[in-house]
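Asker: Dropping in target_3.cif, with mmCIF, N, CA and C atoms.
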data_coords
#
loop_
_atom_site.label_atom_id
_atom_site.label_comp_id
_atom_site.auth_asym_id
_atom_site.auth_seq_id
_atom_site.Cartn_x
_atom_site.Cartn_y
_atom_site.Cartn_z
N MET A 1 -8.12 31.94 239.12
CA MET A 1 -6.83 32.57 238.89
C MET A 1 -6.36 33.23 240.19
N SER A 2 -5.13 32.96 240.58
CA SER A 2 -4.61 33.55 241.81
C SER A 2 -4.00 34.92 241.52
N SER A 3 -3.89 35.71 242.56
CA SER A 3 -3.29 37.03 242.43
C SER A 3 -1.77 36.91 242.42
N LEU A 4 -1.11 37.96 241.94
CA LEU A 4 0.35 38.00 241.95
C LEU A 4 0.85 37.82 243.38
N ARG A 5 0.20 38.50 244.30
CA ARG A 5 0.63 38.43 245.70
C ARG A 5 0.58 37.00 246.24
N SER A 6 -0.54 36.32 246.06
CA SER A 6 -0.65 34.96 246.60
C SER A 6 0.30 34.01 245.87
N PHE A 7 0.48 34.20 244.56
CA PHE A 7 1.41 33.37 243.79
C PHE A 7 2.83 33.50 244.35
N LEU A 8 3.28 34.75 244.57
CA LEU A 8 4.64 34.97 245.05
C LEU A 8 4.80 34.55 246.51
N GLU A 9 3.82 34.85 247.34
CA GLU A 9 3.92 34.47 248.75
C GLU A 9 3.94 32.95 248.92
N GLU A 10 3.24 32.21 248.04
CA GLU A 10 3.29 30.75 248.07
C GLU A 10 4.69 30.24 247.72
N ASP A 11 5.45 31.05 246.98
CA ASP A 11 6.81 30.67 246.58
C ASP A 11 7.86 31.31 247.50
N ASN A 12 7.44 31.71 248.71
CA ASN A 12 8.35 32.23 249.74
C ASN A 12 8.94 33.60 249.41
N PHE A 13 8.15 34.46 248.80
CA PHE A 13 8.52 35.87 248.62
C PHE A 13 7.84 36.67 249.72
N THR A 14 8.46 37.77 250.13
CA THR A 14 7.85 38.66 251.11
C THR A 14 7.50 39.99 250.45
N ARG A 15 6.42 40.57 250.88
CA ARG A 15 5.92 41.83 250.31
C ARG A 15 6.53 43.01 251.05
N ILE A 16 7.01 44.00 250.27
CA ILE A 16 7.62 45.20 250.83
C ILE A 16 6.90 46.41 250.23
N SER A 17 6.37 47.28 251.07
CA SER A 17 5.65 48.45 250.60
C SER A 17 6.60 49.50 250.02
N LEU A 18 6.14 50.17 248.97
CA LEU A 18 6.87 51.26 248.36
C LEU A 18 6.07 52.54 248.50
N LYS A 19 6.76 53.65 248.58
CA LYS A 19 6.10 54.95 248.62
C LYS A 19 6.44 55.70 247.33
N LYS A 20 5.42 56.16 246.63
CA LYS A 20 5.61 56.91 245.40
C LYS A 20 5.84 58.38 245.76
N THR A 21 6.89 58.97 245.22
CA THR A 21 7.20 60.37 245.50
C THR A 21 6.54 61.28 244.48
N ARG A 22 6.58 62.57 244.74
CA ARG A 22 6.05 63.55 243.79
C ARG A 22 6.84 63.57 242.47
N THR A 23 8.07 63.07 242.53
CA THR A 23 8.90 62.98 241.32
C THR A 23 8.61 61.69 240.55
N LEU A 24 7.66 60.91 241.04
CA LEU A 24 7.23 59.64 240.46
C LEU A 24 8.28 58.53 240.60
N HIS A 25 9.20 58.72 241.51
CA HIS A 25 10.12 57.65 241.88
C HIS A 25 9.48 56.86 243.01
N TYR A 26 10.00 55.67 243.23
CA TYR A 26 9.57 54.89 244.38
C TYR A 26 10.70 54.87 245.40
N LYS A 27 10.32 54.93 246.66
CA LYS A 27 11.31 54.79 247.73
C LYS A 27 10.80 53.76 248.72
N VAL A 28 11.76 53.21 249.45
CA VAL A 28 11.44 52.14 250.38
C VAL A 28 12.12 52.43 251.72
N GLU A 29 11.41 52.13 252.79
CA GLU A 29 12.00 52.26 254.12
C GLU A 29 12.90 51.06 254.36
N ALA A 30 14.09 51.33 254.85
CA ALA A 30 15.07 50.27 255.06
C ALA A 30 15.76 50.47 256.40
N ARG A 31 16.53 49.48 256.77
CA ARG A 31 17.44 49.59 257.90
C ARG A 31 18.81 49.14 257.42
N ILE A 32 19.78 50.01 257.61
CA ILE A 32 21.16 49.67 257.28
C ILE A 32 21.93 49.67 258.59
N ASN A 33 22.52 48.53 258.91
CA ASN A 33 23.23 48.36 260.18
C ASN A 33 22.36 48.79 261.36
N GLY A 34 21.05 48.49 261.24
CA GLY A 34 20.10 48.77 262.31
C GLY A 34 19.52 50.18 262.32
N LYS A 35 19.99 51.06 261.44
CA LYS A 35 19.53 52.46 261.42
C LYS A 35 18.49 52.65 260.32
N LYS A 36 17.37 53.27 260.66
CA LYS A 36 16.29 53.51 259.70
C LYS A 36 16.72 54.53 258.65
N CYS A 37 16.34 54.26 257.40
CA CYS A 37 16.63 55.20 256.32
C CYS A 37 15.66 54.97 255.16
N TRP A 38 15.72 55.86 254.18
CA TRP A 38 14.90 55.74 252.98
C TRP A 38 15.80 55.64 251.77
N LEU A 39 15.47 54.70 250.87
CA LEU A 39 16.25 54.48 249.66
C LEU A 39 15.35 54.61 248.44
N ILE A 40 15.83 55.28 247.41
CA ILE A 40 15.14 55.31 246.11
C ILE A 40 15.35 53.94 245.46
N VAL A 41 14.31 53.36 244.91
CA VAL A 41 14.43 52.11 244.17
C VAL A 41 14.76 52.47 242.73
N ASP A 42 15.92 52.02 242.26
CA ASP A 42 16.39 52.40 240.92
C ASP A 42 16.88 51.17 240.18
N THR A 43 16.02 50.61 239.33
CA THR A 43 16.37 49.40 238.58
C THR A 43 17.49 49.68 237.57
N GLY A 44 17.71 50.93 237.23
CA GLY A 44 18.76 51.29 236.29
C GLY A 44 20.11 51.55 236.93
N ALA A 45 20.16 51.60 238.24
CA ALA A 45 21.43 51.78 238.95
C ALA A 45 22.06 50.41 239.13
N SER A 46 23.26 50.24 238.63
CA SER A 46 23.89 48.92 238.70
C SER A 46 24.25 48.54 240.13
N THR A 47 24.59 49.52 240.95
CA THR A 47 25.06 49.25 242.30
C THR A 47 24.32 50.14 243.31
N SER A 48 23.99 49.57 244.43
CA SER A 48 23.35 50.34 245.50
C SER A 48 24.37 51.30 246.10
N CYS A 49 23.92 52.49 246.43
CA CYS A 49 24.85 53.47 246.98
C CYS A 49 24.21 54.26 248.10
N ILE A 50 25.08 54.81 248.93
CA ILE A 50 24.68 55.58 250.11
C ILE A 50 25.31 56.95 250.02
N ASN A 51 24.55 57.96 250.46
CA ASN A 51 25.05 59.33 250.47
C ASN A 51 26.23 59.44 251.44
N LEU A 52 27.27 60.08 250.98
CA LEU A 52 28.48 60.27 251.79
C LEU A 52 28.16 60.89 253.15
N SER A 53 27.21 61.81 253.19
CA SER A 53 26.88 62.49 254.44
C SER A 53 26.23 61.58 255.47
N ALA A 54 25.77 60.39 255.05
CA ALA A 54 25.11 59.47 255.98
C ALA A 54 26.02 58.34 256.45
N ALA A 55 27.24 58.30 255.96
CA ALA A 55 28.14 57.17 256.26
C ALA A 55 28.38 56.99 257.76
N ASP A 56 28.64 58.06 258.47
CA ASP A 56 28.90 57.94 259.91
C ASP A 56 27.67 57.48 260.67
N GLU A 57 26.53 58.10 260.36
CA GLU A 57 25.28 57.77 261.04
C GLU A 57 24.92 56.29 260.86
N LEU A 58 25.20 55.73 259.69
CA LEU A 58 24.88 54.33 259.40
C LEU A 58 25.99 53.38 259.80
N GLN A 59 27.01 53.90 260.45
CA GLN A 59 28.14 53.10 260.92
C GLN A 59 28.82 52.34 259.78
N LEU A 60 29.05 53.05 258.67
CA LEU A 60 29.71 52.46 257.51
C LEU A 60 31.21 52.67 257.62
N THR A 61 31.95 51.60 257.47
CA THR A 61 33.40 51.68 257.40
C THR A 61 33.75 51.81 255.93
N THR A 62 34.43 52.90 255.57
CA THR A 62 34.69 53.16 254.16
C THR A 62 36.16 52.98 253.81
N GLN A 63 36.37 52.66 252.54
CA GLN A 63 37.71 52.54 251.98
C GLN A 63 37.74 53.33 250.68
N ALA A 64 38.90 53.77 250.30
CA ALA A 64 39.04 54.49 249.04
C ALA A 64 38.69 53.57 247.88
N SER A 65 38.19 54.18 246.81
CA SER A 65 37.83 53.44 245.61
C SER A 65 38.31 54.24 244.40
N GLU A 66 38.73 53.55 243.37
CA GLU A 66 39.16 54.22 242.14
C GLU A 66 38.02 54.38 241.15
N ILE A 67 36.84 53.87 241.50
CA ILE A 67 35.68 53.94 240.61
C ILE A 67 35.12 55.35 240.61
N LEU A 68 34.85 55.88 239.42
CA LEU A 68 34.14 57.15 239.28
C LEU A 68 32.71 56.82 238.88
N ALA A 69 31.76 57.38 239.60
CA ALA A 69 30.35 57.06 239.36
C ALA A 69 29.75 58.00 238.31
N THR A 70 28.85 57.44 237.53
CA THR A 70 28.10 58.20 236.55
C THR A 70 26.64 57.80 236.67
N GLY A 71 25.76 58.78 236.60
CA GLY A 71 24.33 58.49 236.66
C GLY A 71 23.56 59.68 236.17
N ALA A 72 22.27 59.55 236.18
CA ALA A 72 21.41 60.64 235.73
C ALA A 72 21.68 61.89 236.57
N GLY A 73 22.08 62.94 235.93
CA GLY A 73 22.29 64.21 236.62
C GLY A 73 23.69 64.44 237.12
N ALA A 74 24.58 63.46 237.01
CA ALA A 74 25.94 63.65 237.51
C ALA A 74 26.88 62.65 236.84
N SER A 75 28.14 63.03 236.75
CA SER A 75 29.13 62.10 236.24
C SER A 75 30.48 62.41 236.86
N GLY A 76 31.37 61.44 236.82
CA GLY A 76 32.71 61.62 237.36
C GLY A 76 32.77 61.83 238.85
N LEU A 77 31.78 61.31 239.58
CA LEU A 77 31.75 61.48 241.03
C LEU A 77 32.72 60.51 241.70
N GLU A 78 33.53 61.03 242.63
CA GLU A 78 34.44 60.18 243.39
C GLU A 78 33.62 59.30 244.33
N THR A 79 34.12 58.09 244.54
CA THR A 79 33.39 57.14 245.38
C THR A 79 34.31 56.52 246.42
N GLN A 80 33.68 55.94 247.41
CA GLN A 80 34.32 55.08 248.38
C GLN A 80 33.51 53.80 248.40
N ILE A 81 34.01 52.79 249.08
CA ILE A 81 33.26 51.55 249.20
C ILE A 81 33.16 51.18 250.67
N SER A 82 32.03 50.58 251.03
CA SER A 82 31.83 50.09 252.39
C SER A 82 31.32 48.66 252.28
N GLU A 83 32.04 47.75 252.91
CA GLU A 83 31.68 46.34 252.83
C GLU A 83 31.19 45.83 254.18
N GLN A 84 30.59 44.66 254.15
CA GLN A 84 30.12 43.96 255.34
C GLN A 84 29.07 44.74 256.12
N ASN A 85 28.06 45.18 255.40
CA ASN A 85 26.93 45.89 256.00
C ASN A 85 25.71 44.99 255.99
N CYS A 86 24.75 45.35 256.83
CA CYS A 86 23.49 44.61 256.91
C CYS A 86 22.36 45.51 256.39
N LEU A 87 21.60 45.00 255.44
CA LEU A 87 20.45 45.71 254.88
C LEU A 87 19.20 44.91 255.20
N ARG A 88 18.21 45.60 255.75
CA ARG A 88 16.94 44.95 256.08
C ARG A 88 15.80 45.74 255.45
N LEU A 89 14.94 45.04 254.72
CA LEU A 89 13.72 45.59 254.14
C LEU A 89 12.57 44.70 254.60
N GLY A 90 11.74 45.20 255.50
CA GLY A 90 10.71 44.35 256.08
C GLY A 90 11.37 43.20 256.81
N VAL A 91 11.00 41.96 256.47
CA VAL A 91 11.62 40.79 257.10
C VAL A 91 12.79 40.25 256.28
N TRP A 92 12.99 40.78 255.07
CA TRP A 92 14.12 40.35 254.24
C TRP A 92 15.39 41.01 254.74
N GLU A 93 16.46 40.22 254.85
CA GLU A 93 17.73 40.75 255.35
C GLU A 93 18.89 40.17 254.56
N LYS A 94 19.86 41.01 254.28
CA LYS A 94 21.09 40.59 253.60
C LYS A 94 22.27 41.11 254.41
N ARG A 95 23.17 40.20 254.77
CA ARG A 95 24.38 40.56 255.50
C ARG A 95 25.57 40.54 254.56
N ASN A 96 26.67 41.14 254.99
CA ASN A 96 27.90 41.19 254.19
C ASN A 96 27.67 41.88 252.85
N LEU A 97 26.90 42.94 252.87
CA LEU A 97 26.56 43.67 251.66
C LEU A 97 27.49 44.87 251.49
N ALA A 98 27.90 45.11 250.27
CA ALA A 98 28.75 46.26 249.97
C ALA A 98 27.91 47.38 249.37
N PHE A 99 28.25 48.61 249.73
CA PHE A 99 27.62 49.81 249.16
C PHE A 99 28.71 50.70 248.58
N ILE A 100 28.38 51.38 247.52
CA ILE A 100 29.21 52.47 247.03
C ILE A 100 28.81 53.71 247.82
N ILE A 101 29.77 54.45 248.31
CA ILE A 101 29.52 55.67 249.08
C ILE A 101 29.89 56.84 248.18
N MET A 102 28.96 57.78 247.99
CA MET A 102 29.22 58.91 247.11
C MET A 102 28.31 60.07 247.48
N ASP A 103 28.62 61.23 246.94
CA ASP A 103 27.81 62.42 247.17
C ASP A 103 26.53 62.30 246.35
N LEU A 104 25.40 62.25 247.03
CA LEU A 104 24.10 62.18 246.37
C LEU A 104 23.33 63.49 246.50
N SER A 105 24.05 64.59 246.70
CA SER A 105 23.37 65.88 246.86
C SER A 105 22.55 66.24 245.62
N HIS A 106 22.99 65.83 244.43
CA HIS A 106 22.23 66.12 243.21
C HIS A 106 20.88 65.39 243.22
N VAL A 107 20.83 64.19 243.79
CA VAL A 107 19.58 63.44 243.89
C VAL A 107 18.65 64.15 244.87
N ASN A 108 19.17 64.52 246.03
CA ASN A 108 18.34 65.17 247.05
C ASN A 108 17.95 66.58 246.66
N ALA A 109 18.76 67.25 245.84
CA ALA A 109 18.38 68.59 245.34
C ALA A 109 17.15 68.46 244.45
N GLY A 110 17.11 67.44 243.61
CA GLY A 110 15.94 67.21 242.76
C GLY A 110 14.70 66.89 243.57
N LEU A 111 14.87 66.09 244.61
CA LEU A 111 13.74 65.78 245.49
C LEU A 111 13.25 67.03 246.22
N ALA A 112 14.18 67.86 246.66
CA ALA A 112 13.82 69.09 247.38
C ALA A 112 13.02 70.03 246.49
N GLN A 113 13.36 70.10 245.22
CA GLN A 113 12.60 70.95 244.29
C GLN A 113 11.15 70.51 244.20
N ALA A 114 10.91 69.23 244.40
CA ALA A 114 9.55 68.69 244.37
C ALA A 114 8.94 68.63 245.77
N GLU A 115 9.60 69.27 246.73
CA GLU A 115 9.16 69.30 248.13
C GLU A 115 9.07 67.90 248.73
N GLU A 116 10.04 67.07 248.40
CA GLU A 116 10.16 65.73 248.97
C GLU A 116 11.29 65.71 249.98
N ASP A 117 11.18 64.82 250.95
CA ASP A 117 12.25 64.64 251.93
C ASP A 117 13.46 63.99 251.25
N PRO A 118 14.65 64.26 251.75
CA PRO A 118 15.85 63.64 251.17
C PRO A 118 15.87 62.13 251.44
N VAL A 119 16.64 61.43 250.62
CA VAL A 119 16.85 59.99 250.81
C VAL A 119 18.28 59.75 251.24
N THR A 120 18.50 58.61 251.83
CA THR A 120 19.83 58.23 252.30
C THR A 120 20.65 57.58 251.20
N GLY A 121 19.96 56.97 250.25
CA GLY A 121 20.69 56.27 249.21
C GLY A 121 19.79 55.73 248.12
N ILE A 122 20.39 54.84 247.33
CA ILE A 122 19.72 54.25 246.18
C ILE A 122 19.84 52.74 246.28
N LEU A 123 18.72 52.06 246.14
CA LEU A 123 18.68 50.61 246.09
C LEU A 123 18.77 50.21 244.63
N GLY A 124 19.88 49.61 244.25
CA GLY A 124 20.15 49.32 242.85
C GLY A 124 19.95 47.87 242.45
N ALA A 125 20.27 47.61 241.18
CA ALA A 125 20.05 46.30 240.59
C ALA A 125 20.85 45.19 241.26
N ASP A 126 21.97 45.52 241.88
CA ASP A 126 22.75 44.49 242.56
C ASP A 126 21.92 43.79 243.63
N VAL A 127 21.24 44.56 244.46
CA VAL A 127 20.40 43.99 245.52
C VAL A 127 19.12 43.42 244.93
N LEU A 128 18.51 44.15 244.00
CA LEU A 128 17.25 43.68 243.40
C LEU A 128 17.43 42.31 242.75
N LYS A 129 18.56 42.12 242.09
CA LYS A 129 18.82 40.82 241.45
C LYS A 129 19.05 39.73 242.49
N GLN A 130 19.85 40.02 243.53
CA GLN A 130 20.09 39.03 244.59
C GLN A 130 18.79 38.59 245.25
N ALA A 131 17.88 39.53 245.41
CA ALA A 131 16.61 39.26 246.10
C ALA A 131 15.55 38.70 245.17
N ARG A 132 15.90 38.57 243.88
CA ARG A 132 14.94 38.13 242.86
C ARG A 132 13.68 39.00 242.91
N ALA A 133 13.88 40.31 242.98
CA ALA A 133 12.80 41.27 243.18
C ALA A 133 11.77 41.24 242.05
N VAL A 134 10.54 41.38 242.46
CA VAL A 134 9.42 41.56 241.54
C VAL A 134 8.73 42.85 241.98
N ILE A 135 8.64 43.82 241.09
CA ILE A 135 8.02 45.10 241.43
C ILE A 135 6.60 45.11 240.88
N ASP A 136 5.64 45.42 241.75
CA ASP A 136 4.25 45.54 241.36
C ASP A 136 3.90 47.03 241.39
N TYR A 137 4.05 47.68 240.23
CA TYR A 137 3.80 49.11 240.15
C TYR A 137 2.34 49.45 240.42
N GLY A 138 1.43 48.58 240.06
CA GLY A 138 0.01 48.83 240.28
C GLY A 138 -0.38 48.87 241.74
N ARG A 139 0.36 48.13 242.56
CA ARG A 139 0.04 48.06 244.00
C ARG A 139 1.07 48.77 244.87
N ASN A 140 2.05 49.46 244.25
CA ASN A 140 3.08 50.20 245.00
C ASN A 140 3.79 49.32 246.02
N CYS A 141 4.28 48.16 245.53
CA CYS A 141 5.03 47.27 246.41
C CYS A 141 6.00 46.45 245.58
N MET A 142 6.86 45.75 246.27
CA MET A 142 7.75 44.81 245.60
C MET A 142 7.86 43.58 246.47
N TYR A 143 8.32 42.50 245.86
CA TYR A 143 8.46 41.23 246.55
C TYR A 143 9.90 40.78 246.46
N PHE A 144 10.44 40.31 247.58
CA PHE A 144 11.79 39.77 247.64
C PHE A 144 11.71 38.33 248.08
N LYS A 145 12.53 37.49 247.46
CA LYS A 145 12.59 36.06 247.81
C LYS A 145 13.30 35.91 249.15
N LEU A 146 12.67 35.17 250.05
CA LEU A 146 13.29 34.89 251.36
C LEU A 146 14.28 33.76 251.25
#
What does this structure look like when you write it as structure tokens?

Answerer:
Amino acid sequence: MSSLRSFLEEDNFTRISLKKTRTLHYKVEARINGKKCWLIVDTGASTSCINLSAADELQLTTQASEILATGAGASGLETQISEQNCLRLGVWEKRNLAFIIMDLSHVNAGLAQAEEDPVTGILGADVLKQARAVIDYGRNCMYFKL
């Protein structure tokens, strides 16, 4: 019997390490437009989003959006959108990616209470689905199809 890792790697998936936080969330090191950042992996978030305060640092060009965001701990948050960005996780890369830009201070406040470093954003189901992600909770990693 082969392992999950060898099965997926034989099918051209790449392994990406995850870090478990004290809040029991997983986060992943990423590069957005070449800039290093940390993203919470959230299978329940429909769309990947970036903290408004990080938009300039990540060289995100933003446009107004009429969408109001709702999520755990917050609702009715105003958003912007940023299109044509590059996201890199390990060797996996996606170009022309859109992010929702919004205030994620409520997320980072919760992390701070647990003495965790802040995150730049949330990696949501939009990217996870495109990448055909497989999360291995037992090994603290995920696999993305190349």

Asker: Report as a tab-separated table (two decimals) with N, CA and C atoms, in the frame of the given file the full result of the PyMOL selection byres ((chain A and resi 100) around 6.5) when it is applied to this structure.

Answerer:
chain	number	residue	atom	x	y	z
A	47	THR	N	24.59	49.52	240.95
A	47	THR	CA	25.06	49.25	242.30
A	47	THR	C	24.32	50.14	243.31
A	48	SER	N	23.99	49.57	244.43
A	48	SER	CA	23.35	50.34	245.50
A	48	SER	C	24.37	51.30	246.10
A	49	CYS	N	23.92	52.49	246.43
A	49	CYS	CA	24.85	53.47	246.98
A	49	CYS	C	24.21	54.26	248.10
A	50	ILE	N	25.08	54.81	248.93
A	50	ILE	CA	24.68	55.58	250.11
A	50	ILE	C	25.31	56.95	250.02
A	79	THR	N	34.12	58.09	244.54
A	79	THR	CA	33.39	57.14	245.38
A	79	THR	C	34.31	56.52	246.42
A	80	GLN	N	33.68	55.94	247.41
A	80	GLN	CA	34.32	55.08	248.38
A	80	GLN	C	33.51	53.80	248.40
A	81	ILE	N	34.01	52.79	249.08
A	81	ILE	CA	33.26	51.55	249.20
A	81	ILE	C	33.16	51.18	250.67
A	82	SER	N	32.03	50.58	251.03
A	82	SER	CA	31.83	50.09	252.39
A	82	SER	C	31.32	48.66	252.28
A	98	ALA	N	27.90	45.11	250.27
A	98	ALA	CA	28.75	46.26	249.97
A	98	ALA	C	27.91	47.38	249.37
A	99	PHE	N	28.25	48.61	249.73
A	99	PHE	CA	27.62	49.81	249.16
A	99	PHE	C	28.71	50.70	248.58
A	101	ILE	N	29.77	54.45	248.31
A	101	ILE	CA	29.52	55.67	249.08
A	101	ILE	C	29.89	56.84	248.18
A	102	MET	N	28.96	57.78	247.99
A	102	MET	CA	29.22	58.91	247.11
A	102	MET	C	28.31	60.07	247.48

Asker: In Å, with one decimal, what is the gap from CA of Val127 in chain A to CA of Lys94 in chain A?

Answerer: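 According to the coordinates, CA of Val127 in chain A and CA of Lys94 in chain A are separated by 8.8 Å.
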
Asker: Take the PyMOL selection byres ((chain A and resi 4-13) around 8), run it mentally on this structure, and tell me the resulting residues as an MDAnalysis selection string.

Answerer: chainID A and resid 1:3 14:16 142:146

Asker: Would you work out the distance separating atom C of Pro118 in chain A from atom C of Ser105 in chain A, expressed in Å to one decimal?

Answerer: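 That distance, rounded to one decimal, is 9.8 Å.
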
Asker: Please indicate the distance in Å from CA of Leu111 in chain A to CA of Arg95 in chain A, rounded to one decimal place.

Answerer: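 So the answer is 29.1 Å.
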
Asker: Hey, what does DSSP flag as helix (DSSP H, G or I) within chain A? Can you give it to me as a list of chain:residue names?

Answerer: A:Leu4, A:Arg5, A:Ser6, A:Phe7, A:Leu8, A:Glu9, A:Glu10, A:Leu52, A:Ser53, A:Ala54, A:Ser105, A:His106, A:Val107, A:Asn108, A:Ala109, A:Gly110, A:Leu111, A:Ala112, A:Gln113, A:Ala125, A:Asp126, A:Val127, A:Leu128, A:Lys129, A:Gln130, A:Tyr137, A:Gly138, A:Arg139

Asker: I need the residue nearest Thr61 in chain A from this list: A:Asn108, A:Gln84, A:Thr43, A:Asn96. Use all atoms listed in the file for the distance.

Answerer: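 Under the stated criterion, the closest residue is A:Gln84.
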
Asker: Using only C-alpha atoms for the distances, tell me which of A:Ile32, A:Ile122, A:Val41, A:Ala54 is nearest to Glu83 in chain A.

Answerer: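 Of all the options, A:Ile32 lies closest to Glu83 in chain A.
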
Asker: Draw an axis-aligned box over all listed atoms of range 36-46 of chain A, pad each side with 6 Å, and write its centre and edge lengths in Å, one decimal, as AutoDock Vina command-line options.

Answerer:
--center_x 19.3 --center_y 52.2 --center_z 248.5 --size_x 21.9 --size_y 19.3 --size_z 36.4

Asker: What lies within 6.5 Å of Leu39 in chain A using all atoms listed in the file, ignoring chain neighbours under 4 positions off, as a PDB file with N, CA and C atoms, in the coordinates of the input?

Answerer:
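Okay, this is what ended up in out-v8.pdb:
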ATOM      1  N   TYR A  26      10.000  55.670 243.230  1.00  0.00           N
ATOM      2  CA  TYR A  26       9.570  54.890 244.380  1.00  0.00           C
ATOM      3  C   TYR A  26      10.700  54.870 245.400  1.00  0.00           C
ATOM      4  N   LYS A  27      10.320  54.930 246.660  1.00  0.00           N
ATOM      5  CA  LYS A  27      11.310  54.790 247.730  1.00  0.00           C
ATOM      6  C   LYS A  27      10.800  53.760 248.720  1.00  0.00           C
ATOM      7  N   VAL A  28      11.760  53.210 249.450  1.00  0.00           N
ATOM      8  CA  VAL A  28      11.440  52.140 250.380  1.00  0.00           C
ATOM      9  C   VAL A  28      12.120  52.430 251.720  1.00  0.00           C
ATOM     10  N   GLU A  29      11.410  52.130 252.790  1.00  0.00           N
ATOM     11  CA  GLU A  29      12.000  52.260 254.120  1.00  0.00           C
ATOM     12  C   GLU A  29      12.900  51.060 254.360  1.00  0.00           C
ATOM     13  N   ALA A  30      14.090  51.330 254.850  1.00  0.00           N
ATOM     14  CA  ALA A  30      15.070  50.270 255.060  1.00  0.00           C
ATOM     15  C   ALA A  30      15.760  50.470 256.400  1.00  0.00           C
ATOM     16  N   VAL A 119      16.640  61.430 250.620  1.00  0.00           N
ATOM     17  CA  VAL A 119      16.850  59.990 250.810  1.00  0.00           C
ATOM     18  C   VAL A 119      18.280  59.750 251.240  1.00  0.00           C
ATOM     19  N   THR A 120      18.500  58.610 251.830  1.00  0.00           N
ATOM     20  CA  THR A 120      19.830  58.230 252.300  1.00  0.00           C
ATOM     21  C   THR A 120      20.650  57.580 251.200  1.00  0.00           C
ATOM     22  N   GLY A 121      19.960  56.970 250.250  1.00  0.00           N
ATOM     23  CA  GLY A 121      20.690  56.270 249.210  1.00  0.00           C
ATOM     24  C   GLY A 121      19.790  55.730 248.120  1.00  0.00           C
ATOM     25  N   ILE A 122      20.390  54.840 247.330  1.00  0.00           N
ATOM     26  CA  ILE A 122      19.720  54.250 246.180  1.00  0.00           C
ATOM     27  C   ILE A 122      19.840  52.740 246.280  1.00  0.00           C
ATOM     28  N   LEU A 123      18.720  52.060 246.140  1.00  0.00           N
ATOM     29  CA  LEU A 123      18.680  50.610 246.090  1.00  0.00           C
ATOM     30  C   LEU A 123      18.770  50.210 244.630  1.00  0.00           C
TER      31      LEU A 123
END

Asker: Neighbourhood query: residues within 10 Å of (17.9, 39.4, 251.4), file coordinates, counting only C-alpha atoms; return as a PyMOL selection string.

Answerer: chain A and resi 86-95+97+127-128+130-133+144-146

Asker: Hey, which of A:His106, A:Leu58, A:Ser17, A:Arg22 ends up closest to Lys36 in chain A? Count only N, CA and C atoms.

Answerer: A:Leu58

Asker: Tell me which protein, DNA and RNA residues are within 8 Å of Glu115 in chain A, counting all atoms listed in the file, leaving out same-chain ones fewer than 5 positions away, and put them as a PyMOL selection string.

Answerer: chain A and resi 22-23+109-110

Asker: Go through range 5-134 of chain A and collect every residue that DSSP, computed from the backbone, puts in strand (DSSP E or B); the answer should be as number ranges by chain.

Answerer: A: 13-17, 19-20, 26-32, 35-41, 49-51, 62-71, 74-89, 92-102, 121-123, 134

Asker: Give the answer as one residue: which of A:Arg139, A:Ala114, A:Lys20, A:His25 has the shortest atom-to-atom distance to Ile40 in chain A, using all atoms listed in the file?

Answerer: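 Between A:Arg139, A:Ala114, A:Lys20, A:His25, the residue approaching Ile40 in chain A most closely is A:His25.
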
Asker: From the set A:Ser46, A:Asn85, A:Ser53, A:Thr21, which residue has the shortest atom-to-atom contact distance to Asn33 in chain A, counting all atoms listed in the file?

Answerer: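 That would be A:Asn85, the residue with the smallest distance to Asn33 in chain A.
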